[in-house]
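The structure appears right after this line, and notes come after that.
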Amino acid sequence: MASSERGSAGTRSGRVDTPANGSLSFEPPEASVNPAGPHAAAERGPVGSSRPATETPSHVPRTAHNVNAFPIHASKVQRPALREQTLARHRLLDWLSAKIHHRLVLVTAEAGYGKTTLLADFSGRTRLPTLWYRLDETDRDWVTILNYLVAAGRELDPDFAPTTWSMLGEPGTSGSSKDAILATFLRELQPIGERGAVFVFDDYHAVEDEPDVQHIVREIVTRAPERLSIVILTRRQPALPIARLRALGEVAELTREELRFDADETERLFRETYGRPLESDVLEELTRHTEGWAASLQLVQSALRERTSTETRTFIRALSGAHGTLHDYLAEEVVGDLEPSLQAFLMRTSILTALDMTTGSVVAAVFKKEARRHLESAERVGLLPRSGRSSNAYHYHKLVRDFLEDRLRREIGDAGIADLHRRMARFGETMDWKLAVHHYAAAEDIDELRRVLVGSIQDIMGGGGFALAESYVNRHPELEPDPSFGLFLSRRDLYRGDFAKARARAQAAVDAYPADRTSREAQLALANLSSIEGLTGDVQTSLVLARELEETNPTRELALLAKGLVFLGTQSIDASFEEGRRLLGEILTVQRVRGREHYQGITHLNLAESCRALNLPQETLSHADHAIELLSESSAGSELPTAYILRGWALHHLGHPDAAHEAIATAIPVAGPSRALALVGP
């Protein structure tokens with residue numbers, strides 16, 4: 001992840017993963033330097049082998065023999081050296097062995113996840129000839145790129161592409177000849193590809209925005225020999241037209257998630273490679289802090305030198321990017337070389353749990369255009385990966401966030417950080433109650449936190465945010481109680497199976513409001529109590545309360561809820577299915593408009609139950625699947641298991657017994673009602 005890794009000319013570059021004179025490996029600190037030199041190939045046995053690596057001769061063309069006098073840096077076309085005791089990641093090596101015959105293999109992750117190390121190790125093990133080209137910021141024109149492509153081929157065959165090399169050396173080579181020379185190169189590439197080979201483009205992100213790079217790599221992917229596999233190592237998804245290859249199953253991908261060191265690899269790394277085995281609880285703590293980031297594991301190893309077992313345990317438990325070796329690395333290698341405005345942006349956005357162009361522009365007080373530029377710059381240097389392959393959201397590694405937050409605190413103090421949280425909270429009030437309460441809580445503005453919770457009660461109930469809202473009440477005992485809190489707290493009691501407490505808390509919320517029940521809060525409390533009474537078996541009381549709600553002249557949403565509760569209390573589903581389906585459909589429409597995802601899930605669940613009663617398996621399956629999707633994030637009670645049971649019933653009747661069994665097995669039994677009589681919650 002280091003921004004100071006050196007390019008081929010030895011200059012500092014923040015965009016290159018792999019140093020010219022080495023590669024990220026995991027050697028014990030006392031290991032000796034490879035006797036074969038900095039450009040030695042990785043030909044070795046298992047981890048710990050004493051067999052020295054052997055040097056790969058450079059076949060850089062000589063001017064006298066080949067005419068072309070273009071200067072070639074040999075390290076850019078030789079696979080990086082690996083130290084003898086680099087950890088063999090068999091899980092990933094096996095994956096590459098199985099996938100390497102795909103036309104295109106993408107290995108995508110920010111710096112420090114071992115992309116280059118993995119491919120260098122694999123290329124030393126595979127029988128397939130491997131061409132290597134490490135791009136850097138000097139590779140910006142087609143003449144340079146094609147010269148290096150030929151040089152990469154000549155590492156395998158000193159006489160590779162003689163015509164291309166000669167054409168590139170002719171005086172007056174101009175842009176008009178680019179396509180002709182590229183076509184000649186692709187023809188001369190055929191003999192290598194016919195036998196099967198791998199072409200690795202390392203650090204592709206460094207210059208992927210250059211038109212010549214895009215054009216040449218696109219042509220190689222499209223027109224290269226059939227048995228030539230293209231491997232691209234990059235920090236972000238490359239902008240290549242590969243949809244057709246994907247459709248043909250010719251694209252294999254490794255991402256940050258697969259490249260993370262898993263628990264077994266971390267254990268082996270410290271035991272086999274570093275020679276200092278860690279106890280299981282210490283390993284678990286280390287994994288939690290580092291999230292499998294290879295670069296941070298290496299830094300931890302450096303920091304553990306000469307420490308006792310007790311000191312090691314203490315160090316790892318307190319692991320943070322805010323101090324010590326990791327802090328120095330982040331300060332000097334990751335953030336130190338960035339432009340001041342980008343550093344300021346990164347520090348201020350480190351307080352965010354959800355970072356994108358909009359939230360970044362708000363907290364950093366910059367225009368969205370500038371926020372986008374900063375996000376893209378941080379992504380290019382591997383500091384700020386996207387949260388998903390096609391996501392517009394970003395996230396910080398925990399250790400990087402620790403560092404940035406500490407640096408921000410040193411610069412603007414606790415009061416300044418609280419002001420940033422307030423700025424985000426005010427913005428959150430226009431967007432999402434969860435964002436607002438998080439930042440008011442972080443700013444320790446308890447009165448504002450309470451105000452937002454009270455004002456967002458219908459969104460909390462409709463979105464199924466019961467657990468999150470309860471967590472703020474529990475974490476902040478200084479919050480002045482409000483009757484509306486009884487609504488989401490009673491739902492939590494219900495989900496825990498404490499029905500008596502749920503009824504009592506819901507009743508107390510109703511009693512706290514005036515008897516005329518004209519306020520929205522009072523009506524919502526009445527709807528909540530009616531729902532809970534029905535869910536816990538007192539259908540008659542639920543019916544009385546629902547009719548009382550109808551008489552309060554409620555909003556359309558609550559009026560439909562009241563009708564639904566009355567319907568469930570007075571009608572059998574199969575006797576009035578058409579009326580019930582119409583009512584449920586109307587309720588669903590309103591819920592979609594309001595964005596009440598939890599309510600929608602409950603309504604789909606009731607529709608699934610209705611369809612099951614009428615022996616309509618296809619409709620039951622559709623509504624059950626919708627319910628599962630909508631309730632997965634919000635339901636902690638009987639709703640989700642009930643949805644899986646209904647899914648299982650439908651699949652069984654549709655002739656899919658194995659899938660039905662899987663659905664039923666997923667439905668973990670819970671205490672409480674077996675049906676979602678609540679219709680929409682509330």
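Every chain in the structure tokens takes a letter, A first, then B, and so on in the order presented; its residues are numbered from 1, and the ligands are numbered from 1 following the presented order.
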
Could you list, as an MDAnalysis selection string, every residue within 9 Å of range 346-353 of chain A, counting only C-alpha atoms and ignoring same-chain residues fewer than 5 positions away?
chainID A and resid 341 359:361 363:364 374:375 378 395:396 400:408 417 420:421 424 435 439

Compile the contact shell of Lys115 in chain A as an MDAnalysis selection string: residues with an atom at most 9 Å away, counting only C-alpha atoms, same-chain residues fewer than 3 positions apart removed.
chainID A and resid 17 107:112 118:120 202 233:234 259

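Residues with any atom within 8 Å of Tyr394 in chain A, counting only C-alpha atoms and excluding same-chain neighbours fewer than 3 positions away, are A:Ala354, A:Leu355, A:Asp356, A:Leu384, A:Pro385, A:Arg386, A:Ser387, A:Ser391.
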
Nearest candidate to Phe261 in chain A (options A:Arg307, A:His90, A:Arg235, A:Arg227; using only C-alpha atoms):
A:His90

If we count only C-alpha atoms and set the cut-off at 10 Å, which residues sit around Glu253 in chain A, ignoring sequence neighbours fewer than 5 positions away in its own chain? Please answer as a CSV table (one decimal) with N, CA, C and O atoms, in the first residue's frame.
chain,number,residue,atom,x,y,z
A,96,LEU,N,-5.6,-20.3,-9.0
A,96,LEU,CA,-5.0,-19.9,-10.2
A,96,LEU,C,-4.7,-21.1,-11.2
A,96,LEU,O,-4.9,-21.0,-12.4
A,99,LYS,N,-7.9,-21.7,-12.9
A,99,LYS,CA,-8.5,-20.7,-13.6
A,99,LYS,C,-7.6,-20.1,-14.7
A,99,LYS,O,-8.0,-19.2,-15.5
A,104,LEU,N,-9.1,-14.2,-19.6
A,104,LEU,CA,-8.7,-13.0,-18.8
A,104,LEU,C,-8.8,-13.4,-17.3
A,104,LEU,O,-9.9,-13.8,-16.9
A,105,VAL,N,-7.8,-13.1,-16.5
A,105,VAL,CA,-7.8,-13.2,-15.1
A,105,VAL,C,-7.6,-11.9,-14.5
A,105,VAL,O,-6.5,-11.3,-14.7
A,106,LEU,N,-8.5,-11.4,-13.7
A,106,LEU,CA,-8.4,-10.1,-13.0
A,106,LEU,C,-8.1,-10.3,-11.6
A,106,LEU,O,-8.8,-11.0,-10.9
A,107,VAL,N,-7.1,-9.7,-11.1
A,107,VAL,CA,-6.7,-9.7,-9.7
A,107,VAL,C,-6.8,-8.3,-9.2
A,107,VAL,O,-5.9,-7.5,-9.5
A,108,THR,N,-7.8,-8.0,-8.4
A,108,THR,CA,-8.1,-6.6,-8.1
A,108,THR,C,-8.2,-6.4,-6.6
A,108,THR,O,-9.0,-7.0,-5.9
A,231,VAL,N,-3.4,-11.8,-17.6
A,231,VAL,CA,-3.6,-11.6,-16.2
A,231,VAL,C,-3.4,-10.1,-15.9
A,231,VAL,O,-2.3,-9.6,-16.2
A,232,ILE,N,-4.3,-9.5,-15.3
A,232,ILE,CA,-4.2,-8.0,-15.0
A,232,ILE,C,-4.2,-7.9,-13.5
A,232,ILE,O,-5.2,-8.2,-12.8
A,258,GLU,N,-11.0,-12.3,-1.5
A,258,GLU,CA,-10.3,-13.6,-1.6
A,258,GLU,C,-8.8,-13.5,-1.2
A,258,GLU,O,-8.2,-14.4,-0.8

So which residues touch His476 in chain A within 12 Å, counting only C-alpha atoms, skipping near sequence neighbours fewer than 5 positions away, as a PyMOL selection string?
chain A and resi 437+440-442+444-447+449-450+469-471+481

For range 193-199 of chain A, list every protein, DNA or RNA residue within 10 Å, evaluated using only C-alpha atoms, and leave out those in the same chain fewer than 2 positions away; present the list as a VMD selection string.
chain A and resid 100 to 101 103 to 105 123 126 to 133 149 152 to 153 188 to 191 201 to 202 220 224 to 232

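Of note, CA of Thr642 in chain A and CA of Leu468 in chain A are spaced 22.8 Å apart.
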
Give the alpha helix (DSSP H) residues of range 451-539 of chain A, as DSSP finds them on the backbone, and put them as an NGL selection string.
:A and (451-455 or 457-462 or 466-475 or 485-495 or 499-511 or 520-535 or 539)

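For range 244-452 of chain A, backbone-based DSSP assignment of strand (DSSP E) covers Val251, Ala252, Glu253, Leu254 and Thr255 of chain A.
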
Okay, now the selection with all heavy atoms, as a JSON list (two decimals), in the first residue's frame?
[["chain", "number", "residue", "atom", "x", "y", "z"],
["A", 251, "VAL", "N", -13.81, -15.02, -18.07],
["A", 251, "VAL", "CA", -13.20, -14.08, -17.12],
["A", 251, "VAL", "C", -13.21, -14.71, -15.73],
["A", 251, "VAL", "O", -14.26, -15.13, -15.24],
["A", 251, "VAL", "CB", -13.95, -12.73, -17.09],
["A", 251, "VAL", "CG1", -13.30, -11.78, -16.08],
["A", 251, "VAL", "CG2", -13.97, -12.10, -18.48],
["A", 252, "ALA", "N", -12.06, -14.79, -15.11],
["A", 252, "ALA", "CA", -11.94, -15.25, -13.72],
["A", 252, "ALA", "C", -11.44, -14.08, -12.89],
["A", 252, "ALA", "O", -10.60, -13.30, -13.34],
["A", 252, "ALA", "CB", -10.97, -16.43, -13.63],
["A", 253, "GLU", "N", -11.94, -13.96, -11.66],
["A", 253, "GLU", "CA", -11.61, -12.78, -10.86],
["A", 253, "GLU", "C", -11.24, -13.15, -9.43],
["A", 253, "GLU", "O", -11.91, -13.96, -8.78],
["A", 253, "GLU", "CB", -12.79, -11.81, -10.84],
["A", 253, "GLU", "CG", -13.16, -11.28, -12.22],
["A", 253, "GLU", "CD", -14.27, -10.25, -12.16],
["A", 253, "GLU", "OE1", -14.02, -9.14, -11.65],
["A", 253, "GLU", "OE2", -15.38, -10.56, -12.62],
["A", 254, "LEU", "N", -10.19, -12.52, -8.95],
["A", 254, "LEU", "CA", -9.81, -12.53, -7.54],
["A", 254, "LEU", "C", -9.92, -11.09, -7.03],
["A", 254, "LEU", "O", -9.42, -10.16, -7.67],
["A", 254, "LEU", "CB", -8.36, -12.99, -7.37],
["A", 254, "LEU", "CG", -8.06, -14.48, -7.23],
["A", 254, "LEU", "CD1", -6.56, -14.68, -7.08],
["A", 254, "LEU", "CD2", -8.79, -15.09, -6.06],
["A", 255, "THR", "N", -10.56, -10.91, -5.90],
["A", 255, "THR", "CA", -10.72, -9.58, -5.34],
["A", 255, "THR", "C", -10.09, -9.52, -3.95],
["A", 255, "THR", "O", -9.54, -10.50, -3.45],
["A", 255, "THR", "CB", -12.20, -9.20, -5.23],
["A", 255, "THR", "OG1", -12.83, -10.05, -4.25],
["A", 255, "THR", "CG2", -12.92, -9.37, -6.56]]

Taken to one decimal, the CA of Leu526 in chain A-CA of Asn553 in chain A distance is 12.7 Å

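Between CA of Ser309 in chain A and CA of Glu285 in chain A lies a distance of 14.3 Å.
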
Compare A:Asp511, A:Glu306, A:Asp328, A:Asp159 by their minimum atom-to-atom distance to Arg276 in chain A, counting only C-alpha atoms, and give me the closest one.
A:Glu306
